[in-house]
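Asks: After the structure tokens below, expect a handful of questions from me.
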Amino acid sequence: MEVFFQQLINGLTIGSIYGLIAIGYTMVFGIIGMVNFAHGDVFMVSSFIALIALMVLTTWLGVGSILLALLIVLIIAMVFTSLINWTIERVAYRPLRGSFRLAPLISAIGMSIVLMNFVQIAQGPRNKAVDPILNTVVPLFGAGTYTVTISYKQILIMVTTAVLLTIFAWVVAKTPLGRAQRACEQDRKMAALLGIDVDRTISITFVMGAALAAVAGTLFLVFYGVVNFADGFTPGVKAFTAAVLGGIGSLPGAVLGGLLIGLIETFWQAYFSVEYKDVAAFSILAIMLIFLPQGILGRPDVEKV
């Protein structure tokens, strides 16, 4: 049971990061019906921005408080990542919005390759590491030689995910911006006729998704302590899988799907084989979608006649 609870904590931690990335996927898909496959690499770029900002603050400027440094790093990563994603939307996606459906998808894949290769050239192909951050652990319980523990960084990741999910769900449900986003999701042409600035709403949605990806990138850096230019692909695919599993278009569903993906791969590598943890996650997704194609919290499509 000690191993079970330890893996439960580890799975919830990793799943929280997937959930934050998945919210960006589900918000963009909900409004314009496009899978932004560059979102995973936006997440990767944000982790490098966080790495550079953290090194500048701690090494060059001598900021001693790690919590203050992380807060500043988070703000810097959110600002620059949002600017990058806003630029991508304006340059690569908006001109193709009225074209055939595959054009934005091809453009998104192209932007993914551009971001990944840019970081590879700018930062090099090797792993970039930082000193351990918030590694202090709190023992919970245990028997014999095995003790279940939780670290401060795991608490930070799970609490941050819960807080951001609450804030963004409130924004979408209760604010004028959220009403505009829901109107654009239902019918963009009718929303424009009613006075909603559709282009502005979509751009803000991309900015919001990038801000969440920046938080996830910073937490990823804190948790693993190492980043690589190829780190955007696998977490990005898993986050998209989480969005589909939870119900594409649902913010709580995206986080729930992320938590499930994190738990599945963590328990699988603990009790079965680490080599097939990704296979297990995607296999369970396929089985789930056979019986529940709209996802766990998704709404079934209703065709209007």
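Letters A, B, ... go to the chains of the structure tokens in the order shown; residues in each chain start at 1; ligands are counted from 1 in the same order.
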Give me the residues of region 167-269 of chain A that have any atom at most 6 Å from an atom of region 70-81 of chain A; for each, the nearest atom pair and the distance in Å, rounded to one decimal. Use only C-alpha atoms, sort by chain and number, and format it as a Markdown table.
Replies:
```
| residue | atom | partner | partner_atom | distance |
| --- | --- | --- | --- | --- |
| A:Ala210 | CA | A:Thr81 | CA | 5.8 |
| A:Ala211 | CA | A:Met78 | CA | 4.7 |
| A:Ala214 | CA | A:Met78 | CA | 5.1 |
```
Asks: Choose the residue, out of A:Tyr224, A:Tyr276, A:Tyr93, A:Tyr18, that has the smallest atom-to-atom separation from Phe43 (chain A); count only C-alpha atoms.
Replies: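 Among the listed residues, the smallest separation from Phe43 (chain A) belongs to A:Tyr18.
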Asks: Hey, what's within 10 Å of Gly246 (chain A) if we count only C-alpha atoms and toss same-chain stuff fewer than 4 positions away? As a short mmCIF file (atom, residue, chain, number, x, y, z; two decimals) with C-alpha atoms, in the first residue's frame, please?
Replies:
```
data_model
loop_
_atom_site.label_atom_id
_atom_site.label_comp_id
_atom_site.auth_asym_id
_atom_site.auth_seq_id
_atom_site.Cartn_x
_atom_site.Cartn_y
_atom_site.Cartn_z
CA GLY A 19 -3.65 18.98 -17.46
CA ALA A 22 -4.30 20.19 -22.15
CA THR A 26 -9.12 22.35 -25.47
CA PHE A 240 -3.74 16.42 -26.38
CA THR A 241 -4.64 12.84 -25.48
CA ALA A 242 -5.71 14.09 -22.05
CA SER A 250 -14.19 21.06 -21.26
CA LEU A 251 -11.65 22.71 -18.96
CA PRO A 252 -12.29 20.35 -15.99
CA GLY A 253 -12.25 17.48 -18.47
CA ALA A 254 -8.81 18.51 -19.72
CA VAL A 255 -7.36 18.47 -16.20
CA LEU A 256 -9.18 15.22 -15.37
CA GLY A 257 -7.79 13.63 -18.52
CA GLY A 258 -4.29 14.85 -17.63
CA LEU A 259 -4.55 13.34 -14.17
CA LEU A 260 -5.75 10.02 -15.62
CA ILE A 261 -2.91 9.90 -18.16
CA LEU A 285 -7.62 6.06 -24.46
CA GLN A 294 -17.18 12.40 -26.57
CA GLY A 295 -14.82 11.88 -23.62
CA ILE A 296 -15.55 11.73 -19.92
CA LEU A 297 -16.93 15.24 -19.46
CA GLY A 298 -17.51 16.14 -23.10
#
```
Asks: If you count only C-alpha atoms, which residues fall within 12 Å of Ala38 (chain A), apart from same-chain ones fewer than 3 positions away, as a VMD selection string?
Replies: chain A and resid 21 24 to 25 28 34 to 35 41 to 45 84 to 85 88 to 89 92 to 93 104 to 116 206 209 to 210 213 232 to 233 235 to 237 240
Asks: Please, which residues of region 43-144 of chain A, numbered as in this document, come out strand (DSSP E or B) from DSSP, as a ChimeraX atom specification?
Replies: /A:128-129,137-143
Asks: Nearest residue to Val222 (chain A) out of A:Tyr152, A:Phe5, A:Phe29, A:Phe37, using only C-alpha atoms?
Replies: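 Of all the options, A:Tyr152 lies closest to Val222 (chain A).
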Asks: Please identify all polymer residues within 7 Å of Gly225 (chain A), counting only C-alpha atoms, omitting same-chain residues fewer than 5 positions from it, and present them as number ranges by chain.
Replies: A: 129-132
Asks: Convert the current residue selection to file output with N, CA, C and O atoms, as a JSON list (two decimals), in the first residue's frame.
Replies:
```
[["chain", "number", "residue", "atom", "x", "y", "z"],
["A", 129, "ALA", "N", 20.37, 21.69, -17.54],
["A", 129, "ALA", "CA", 19.96, 21.35, -16.17],
["A", 129, "ALA", "C", 20.11, 22.55, -15.25],
["A", 129, "ALA", "O", 20.88, 23.48, -15.52],
["A", 130, "VAL", "N", 19.34, 22.52, -14.17],
["A", 130, "VAL", "CA", 19.44, 23.53, -13.11],
["A", 130, "VAL", "C", 19.66, 22.79, -11.79],
["A", 130, "VAL", "O", 19.45, 21.58, -11.67],
["A", 131, "ASP", "N", 20.08, 23.54, -10.79],
["A", 131, "ASP", "CA", 20.24, 22.95, -9.47],
["A", 131, "ASP", "C", 18.88, 22.51, -8.92],
["A", 131, "ASP", "O", 17.84, 23.10, -9.27],
["A", 132, "PRO", "N", 18.86, 21.48, -8.08],
["A", 132, "PRO", "CA", 17.58, 21.01, -7.51],
["A", 132, "PRO", "C", 16.83, 22.13, -6.81],
["A", 132, "PRO", "O", 17.41, 22.96, -6.10]]
```
Asks: Could you state the separation of CA of Pro293 (chain A) and CA of Ala280 (chain A) in Å, given to one decimal place?
Replies: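 Between CA of Pro293 (chain A) and CA of Ala280 (chain A) the gap is 18.3 Å.
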